[in-house]
Amino acid sequence: MPTAPHRVVVLALDGLLPFELGIPQRIFGKARDAAGRPLYEIVTCSIRPPGPVETDADFAVLVPNGPEALATADTVVVPAAYELGPVYEEGVLTPELAAALAHVRPGTRLVSICTGGYVLAAAGYLDGRPATTHWYHAEHFQRLFPKVRVDADVLFVDDGDVLTSAGVAAGIDLCLHLVRRDHGTAVANDVARRTVVPPHRDGGQAQYIQRPLPEAQSATTTAARAWALGRLHEPIQLRDMAARESMSVRTFTRRFREEVGVSPGQWLTQQRVERARHLLESTDLTIDQVAHDAGFGTAQSMRQHLQGALGVTPTAYRRTFRATATAEAATTAEPTIAGAAPKPLRT
């Protein structure tokens, strides 16, 4: 029998941002297995009995569940809110919020979007851990919670069972990262396509802080990136990418970092890691062949890069996600009458 969907409980607090409240439903809600079944169940709750919760817009949202729903969560997501009161001002939970969080079971995965990190920090979940929040609040956040190792220059931080993100769009990146971590790149990329967002922005990519806008009609690095993506299996030199845009290497590097947030070399490595993940999940190519097709050259080089990015070897990564795919296929197989063709799976 198929396993039950992973339950994500989203905590709606007064002053919440409607956009961020909707991110978990939009991203996790689109994730499907090979048979088209949902991989996540998304539930929204508040810290009070069911009823309206005020937003930062000119409307409220009707939340159907009280804090008891937190006890049923496999993952709890805390989106941003603008009425955190003592949490934001003093770094302490209100009695009502503390009572709600007491329902969270040990071992539950915890996720925050933007200022939702204040709630996790005030509850002590971030003590001694790396974390991030919106760059605008980072300095205040660090002063209020000195035990937290704040990194204001990244989109999100994955610290295993506790994950934090910067503002707004970074919440999408983090939720997609979790889908990828849970179910692999194929599922995450499908969600990204359905949502019409980039399939992957690495968590270490810089937040866009005080970056000058390119001048009107100025050249970009888009063509060079498209050219490189079609040649990941080949050696790619920085000068070749710059030549595609008729720029000097220095100008190209500066413009690339302004547009993408990382250096060309870092971006190329990220794209090759994603290519390797896709091939490990979806093909039977040998490790040496995957390393070649992803542009790492040797299996040892690919192993080092995957170990650094994912914390696992290529063989362990393939074993994890190919085993998941095999198990899903086994649960979706239907008995057939001898001589009859099997029914196609829904996609």
# chains A, B, ... in the order shown; residues from 1 in each chain; ligands from 1
$ closest_atom_pairs --of "stretch 88-142 of chain A" --to "stretch 14-27 of chain A" --cutoff "10 Å" --atoms "only C-alpha atoms" --output "Markdown table"
| residue | atom | partner | partner_atom | distance |
| --- | --- | --- | --- | --- |
| A:Ile113 | CA | A:Glu20 | CA | 7.4 |
| A:Cys114 | CA | A:Glu20 | CA | 8.8 |
| A:Thr115 | CA | A:Leu16 | CA | 10.0 |
| A:Gly116 | CA | A:Leu16 | CA | 9.5 |
$ write_last_selection --atoms "C-alpha atoms" --output "tab-separated table (two decimals), in the first residue's frame"
chain	number	residue	atom	x	y	z
A	113	ILE	CA	10.20	32.00	5.71
A	114	CYS	CA	11.58	35.52	6.22
A	115	THR	CA	10.67	36.89	9.69
A	116	GLY	CA	9.12	33.56	10.60
$ residues_around --residues "A:Gly230" --least-positions-apart "2" --cutoff "12 Å" --atoms "only C-alpha atoms" --output "number ranges by chain"
A: 223-228, 232-236, 268, 271-272, 275, 293-295
$ write_last_selection --atoms "N, CA and C atoms" --output "compact mmCIF listing (two decimals), in the first residue's frame"
# COMPACT_ATOMS: atom_id res chain seq x y z
N ALA A 223 22.69 35.04 -22.88
CA ALA A 223 23.10 34.19 -24.00
C ALA A 223 24.27 33.29 -23.61
N ALA A 224 25.19 33.82 -22.84
CA ALA A 224 26.35 33.02 -22.41
C ALA A 224 25.91 31.87 -21.52
N ARG A 225 24.94 32.13 -20.66
CA ARG A 225 24.45 31.06 -19.79
C ARG A 225 23.75 29.98 -20.59
N ALA A 226 22.93 30.39 -21.55
CA ALA A 226 22.25 29.41 -22.40
C ALA A 226 23.26 28.59 -23.20
N TRP A 227 24.29 29.26 -23.71
CA TRP A 227 25.35 28.57 -24.46
C TRP A 227 26.06 27.55 -23.57
N ALA A 228 26.37 27.94 -22.33
CA ALA A 228 27.08 27.04 -21.42
C ALA A 228 26.21 25.85 -21.03
N LEU A 232 27.58 21.62 -21.05
CA LEU A 232 28.10 21.30 -19.72
C LEU A 232 29.08 20.13 -19.75
N HIS A 233 28.94 19.25 -20.75
CA HIS A 233 29.83 18.09 -20.84
C HIS A 233 31.21 18.46 -21.38
N GLU A 234 31.36 19.68 -21.85
CA GLU A 234 32.64 20.12 -22.41
C GLU A 234 33.37 21.04 -21.43
N PRO A 235 34.70 21.17 -21.56
CA PRO A 235 35.41 22.19 -20.77
C PRO A 235 34.91 23.58 -21.19
N ILE A 236 34.58 24.41 -20.24
CA ILE A 236 34.07 25.76 -20.52
C ILE A 236 34.98 26.77 -19.84
N LEU A 268 28.50 27.50 -12.82
CA LEU A 268 28.76 26.31 -13.63
C LEU A 268 28.78 25.05 -12.77
N GLN A 271 25.23 24.10 -11.89
CA GLN A 271 24.51 23.49 -13.01
C GLN A 271 24.99 22.07 -13.26
N ARG A 272 26.27 21.82 -13.08
CA ARG A 272 26.80 20.48 -13.28
C ARG A 272 26.33 19.52 -12.19
N ARG A 275 22.86 18.63 -13.17
CA ARG A 275 22.89 17.69 -14.28
C ARG A 275 23.23 16.29 -13.79
N ASP A 293 29.32 13.29 -18.71
CA ASP A 293 28.20 14.02 -19.30
C ASP A 293 27.84 15.27 -18.51
N ALA A 294 28.12 15.27 -17.22
CA ALA A 294 27.83 16.45 -16.40
C ALA A 294 28.97 17.46 -16.44
N GLY A 295 30.10 17.10 -17.04
CA GLY A 295 31.19 18.04 -17.20
C GLY A 295 32.22 18.03 -16.09
$ atom_distance --atom1 "atom CA of A:Ala73" --atom2 "atom CA of A:Val119"
16.9 Å
$ atom_distance --atom1 "atom CA of A:Val197" --atom2 "atom CA of A:Ala34"
21.5 Å
$ residues_around --residues "A:Thr72" --least-positions-apart "5" --cutoff "12 Å" --atoms "only C-alpha atoms" --output "number ranges by chain"
A: 6-10, 41-45, 65-67, 103-109
$ closest_residue --among "A:Leu176, A:Val312, A:Leu285, A:Val78" --to "A:Phe28" --atoms "only C-alpha atoms"
A:Leu176
$ select_by_dssp --residues "stretch 54-239 of chain A" --states "strand (DSSP E or B)" --output "list in words"
Glu54, Thr55, Ala60, Val61, Leu62, Val63, Asn65, Thr75, Val76, Val77, Val78, Ala81, Arg109, Leu110, Val111, Ser112, Ile113, Pro130, Ala131, Arg149, Val150, Phe156, Val157, Asp158, Val162, Leu163, Thr164 and Ser165 of chain A
$ write_last_selection --atoms "N, CA and C atoms" --output "PDB file, in the first residue's frame"
ATOM      1  N   GLU A  54      -5.825  37.975  10.866  1.00  0.00           N
ATOM      2  CA  GLU A  54      -5.551  39.213  10.141  1.00  0.00           C
ATOM      3  C   GLU A  54      -4.276  39.083   9.314  1.00  0.00           C
ATOM      4  N   THR A  55      -4.271  39.741   8.152  1.00  0.00           N
ATOM      5  CA  THR A  55      -3.088  39.775   7.300  1.00  0.00           C
ATOM      6  C   THR A  55      -2.553  41.203   7.251  1.00  0.00           C
ATOM      7  N   ALA A  60      -8.775  39.487   5.844  1.00  0.00           N
ATOM      8  CA  ALA A  60      -8.363  38.423   6.757  1.00  0.00           C
ATOM      9  C   ALA A  60      -8.512  37.087   6.042  1.00  0.00           C
ATOM     10  N   VAL A  61      -7.903  36.052   6.598  1.00  0.00           N
ATOM     11  CA  VAL A  61      -8.071  34.703   6.055  1.00  0.00           C
ATOM     12  C   VAL A  61      -8.739  33.839   7.121  1.00  0.00           C
ATOM     13  N   LEU A  62      -9.608  32.958   6.681  1.00  0.00           N
ATOM     14  CA  LEU A  62     -10.314  32.068   7.595  1.00  0.00           C
ATOM     15  C   LEU A  62      -9.507  30.785   7.723  1.00  0.00           C
ATOM     16  N   VAL A  63      -8.956  30.549   8.892  1.00  0.00           N
ATOM     17  CA  VAL A  63      -8.098  29.387   9.125  1.00  0.00           C
ATOM     18  C   VAL A  63      -8.913  28.303   9.828  1.00  0.00           C
ATOM     19  N   ASN A  65      -8.124  25.410  11.301  1.00  0.00           N
ATOM     20  CA  ASN A  65      -7.576  24.553  12.349  1.00  0.00           C
ATOM     21  C   ASN A  65      -6.926  25.366  13.462  1.00  0.00           C
ATOM     22  N   THR A  75       6.292  18.269   9.044  1.00  0.00           N
ATOM     23  CA  THR A  75       7.033  19.511   8.842  1.00  0.00           C
ATOM     24  C   THR A  75       6.147  20.671   9.257  1.00  0.00           C
ATOM     25  N   VAL A  76       6.692  21.619  10.012  1.00  0.00           N
ATOM     26  CA  VAL A  76       5.988  22.850  10.371  1.00  0.00           C
ATOM     27  C   VAL A  76       6.643  24.007   9.626  1.00  0.00           C
ATOM     28  N   VAL A  77       5.833  24.816   8.953  1.00  0.00           N
ATOM     29  CA  VAL A  77       6.330  26.000   8.251  1.00  0.00           C
ATOM     30  C   VAL A  77       5.771  27.246   8.923  1.00  0.00           C
ATOM     31  N   VAL A  78       6.656  28.180   9.249  1.00  0.00           N
ATOM     32  CA  VAL A  78       6.248  29.455   9.855  1.00  0.00           C
ATOM     33  C   VAL A  78       6.553  30.573   8.875  1.00  0.00           C
ATOM     34  N   ALA A  81       5.320  37.294   9.373  1.00  0.00           N
ATOM     35  CA  ALA A  81       4.187  38.049   9.902  1.00  0.00           C
ATOM     36  C   ALA A  81       4.704  39.377  10.429  1.00  0.00           C
ATOM     37  N   ARG A 109      10.314  18.386  11.464  1.00  0.00           N
ATOM     38  CA  ARG A 109      11.143  19.314  10.682  1.00  0.00           C
ATOM     39  C   ARG A 109      10.540  20.721  10.772  1.00  0.00           C
ATOM     40  N   LEU A 110      11.390  21.711  10.994  1.00  0.00           N
ATOM     41  CA  LEU A 110      10.939  23.086  11.199  1.00  0.00           C
ATOM     42  C   LEU A 110      11.484  23.978  10.095  1.00  0.00           C
ATOM     43  N   VAL A 111      10.607  24.808   9.546  1.00  0.00           N
ATOM     44  CA  VAL A 111      10.966  25.662   8.412  1.00  0.00           C
ATOM     45  C   VAL A 111      10.421  27.064   8.660  1.00  0.00           C
ATOM     46  N   SER A 112      11.216  28.077   8.372  1.00  0.00           N
ATOM     47  CA  SER A 112      10.724  29.454   8.471  1.00  0.00           C
ATOM     48  C   SER A 112      10.962  30.183   7.160  1.00  0.00           C
ATOM     49  N   ILE A 113      10.065  31.125   6.872  1.00  0.00           N
ATOM     50  CA  ILE A 113      10.200  31.998   5.713  1.00  0.00           C
ATOM     51  C   ILE A 113      10.303  33.429   6.221  1.00  0.00           C
ATOM     52  N   PRO A 130      23.267  27.637  12.365  1.00  0.00           N
ATOM     53  CA  PRO A 130      23.285  28.656  11.313  1.00  0.00           C
ATOM     54  C   PRO A 130      21.864  28.937  10.849  1.00  0.00           C
ATOM     55  N   ALA A 131      21.592  30.162  10.489  1.00  0.00           N
ATOM     56  CA  ALA A 131      20.249  30.544  10.047  1.00  0.00           C
ATOM     57  C   ALA A 131      20.332  31.825   9.238  1.00  0.00           C
ATOM     58  N   ARG A 149      23.786  31.712  14.654  1.00  0.00           N
ATOM     59  CA  ARG A 149      24.850  32.075  13.706  1.00  0.00           C
ATOM     60  C   ARG A 149      24.185  32.577  12.421  1.00  0.00           C
ATOM     61  N   VAL A 150      23.961  33.875  12.351  1.00  0.00           N
ATOM     62  CA  VAL A 150      23.188  34.470  11.263  1.00  0.00           C
ATOM     63  C   VAL A 150      24.066  34.689  10.037  1.00  0.00           C
ATOM     64  N   PHE A 156      18.810  30.703   1.621  1.00  0.00           N
ATOM     65  CA  PHE A 156      18.273  29.851   2.684  1.00  0.00           C
ATOM     66  C   PHE A 156      19.394  29.031   3.298  1.00  0.00           C
ATOM     67  N   VAL A 157      19.123  28.493   4.472  1.00  0.00           N
ATOM     68  CA  VAL A 157      20.073  27.651   5.184  1.00  0.00           C
ATOM     69  C   VAL A 157      19.389  26.338   5.526  1.00  0.00           C
ATOM     70  N   ASP A 158      19.989  25.241   5.108  1.00  0.00           N
ATOM     71  CA  ASP A 158      19.504  23.899   5.427  1.00  0.00           C
ATOM     72  C   ASP A 158      20.399  23.331   6.513  1.00  0.00           C
ATOM     73  N   VAL A 162      16.135  21.717  10.739  1.00  0.00           N
ATOM     74  CA  VAL A 162      15.702  23.105  10.887  1.00  0.00           C
ATOM     75  C   VAL A 162      16.229  23.899   9.690  1.00  0.00           C
ATOM     76  N   LEU A 163      15.306  24.538   8.970  1.00  0.00           N
ATOM     77  CA  LEU A 163      15.683  25.274   7.763  1.00  0.00           C
ATOM     78  C   LEU A 163      15.076  26.673   7.818  1.00  0.00           C
ATOM     79  N   THR A 164      15.848  27.658   7.398  1.00  0.00           N
ATOM     80  CA  THR A 164      15.392  29.046   7.426  1.00  0.00           C
ATOM     81  C   THR A 164      15.656  29.674   6.059  1.00  0.00           C
ATOM     82  N   SER A 165      14.834  30.673   5.703  1.00  0.00           N
ATOM     83  CA  SER A 165      15.029  31.323   4.407  1.00  0.00           C
ATOM     84  C   SER A 165      14.930  32.831   4.554  1.00  0.00           C
TER      85      SER A 165
END
$ decode --residues "stretch 26-41 of chain A" --atoms "N, CA and C atoms" --output "PDB file, in the first residue's frame"
ATOM      1  N   ARG A  26       1.354  26.064  -2.636  1.00  0.00           N
ATOM      2  CA  ARG A  26       1.652  26.108  -4.057  1.00  0.00           C
ATOM      3  C   ARG A  26       2.770  25.139  -4.439  1.00  0.00           C
ATOM      4  N   ILE A  27       3.827  25.070  -3.633  1.00  0.00           N
ATOM      5  CA  ILE A  27       4.979  24.236  -3.973  1.00  0.00           C
ATOM      6  C   ILE A  27       4.752  22.778  -3.549  1.00  0.00           C
ATOM      7  N   PHE A  28       4.517  22.533  -2.267  1.00  0.00           N
ATOM      8  CA  PHE A  28       4.319  21.153  -1.822  1.00  0.00           C
ATOM      9  C   PHE A  28       3.051  20.552  -2.431  1.00  0.00           C
ATOM     10  N   GLY A  29       2.045  21.396  -2.630  1.00  0.00           N
ATOM     11  CA  GLY A  29       0.779  20.892  -3.153  1.00  0.00           C
ATOM     12  C   GLY A  29       0.852  20.417  -4.582  1.00  0.00           C
ATOM     13  N   LYS A  30       1.891  20.818  -5.329  1.00  0.00           N
ATOM     14  CA  LYS A  30       2.041  20.390  -6.718  1.00  0.00           C
ATOM     15  C   LYS A  30       2.896  19.141  -6.869  1.00  0.00           C
ATOM     16  N   ALA A  31       3.519  18.680  -5.789  1.00  0.00           N
ATOM     17  CA  ALA A  31       4.416  17.526  -5.872  1.00  0.00           C
ATOM     18  C   ALA A  31       3.604  16.240  -5.968  1.00  0.00           C
ATOM     19  N   ARG A  32       3.894  15.437  -6.993  1.00  0.00           N
ATOM     20  CA  ARG A  32       3.170  14.192  -7.242  1.00  0.00           C
ATOM     21  C   ARG A  32       4.147  13.041  -7.465  1.00  0.00           C
ATOM     22  N   ASP A  33       3.700  11.827  -7.122  1.00  0.00           N
ATOM     23  CA  ASP A  33       4.513  10.654  -7.421  1.00  0.00           C
ATOM     24  C   ASP A  33       4.241  10.200  -8.843  1.00  0.00           C
ATOM     25  N   ALA A  34       4.812   9.051  -9.222  1.00  0.00           N
ATOM     26  CA  ALA A  34       4.701   8.583 -10.603  1.00  0.00           C
ATOM     27  C   ALA A  34       3.263   8.287 -11.007  1.00  0.00           C
ATOM     28  N   ALA A  35       2.403   8.003 -10.026  1.00  0.00           N
ATOM     29  CA  ALA A  35       0.996   7.710 -10.328  1.00  0.00           C
ATOM     30  C   ALA A  35       0.116   8.945 -10.234  1.00  0.00           C
ATOM     31  N   GLY A  36       0.717  10.097  -9.990  1.00  0.00           N
ATOM     32  CA  GLY A  36      -0.069  11.325  -9.883  1.00  0.00           C
ATOM     33  C   GLY A  36      -0.635  11.577  -8.505  1.00  0.00           C
ATOM     34  N   ARG A  37      -0.246  10.774  -7.516  1.00  0.00           N
ATOM     35  CA  ARG A  37      -0.754  10.976  -6.156  1.00  0.00           C
ATOM     36  C   ARG A  37       0.030  12.074  -5.447  1.00  0.00           C
ATOM     37  N   PRO A  38      -0.628  12.872  -4.606  1.00  0.00           N
ATOM     38  CA  PRO A  38       0.086  13.931  -3.878  1.00  0.00           C
ATOM     39  C   PRO A  38       1.088  13.349  -2.894  1.00  0.00           C
ATOM     40  N   LEU A  39       2.262  13.957  -2.861  1.00  0.00           N
ATOM     41  CA  LEU A  39       3.304  13.517  -1.942  1.00  0.00           C
ATOM     42  C   LEU A  39       3.243  14.238  -0.606  1.00  0.00           C
ATOM     43  N   TYR A  40       2.501  15.332  -0.551  1.00  0.00           N
ATOM     44  CA  TYR A  40       2.369  16.099   0.688  1.00  0.00           C
ATOM     45  C   TYR A  40       0.903  16.421   0.941  1.00  0.00           C
ATOM     46  N   GLU A  41       0.566  16.519   2.195  1.00  0.00           N
ATOM     47  CA  GLU A  41      -0.734  17.049   2.619  1.00  0.00           C
ATOM     48  C   GLU A  41      -0.458  18.348   3.353  1.00  0.00           C
TER      49      GLU A  41
END
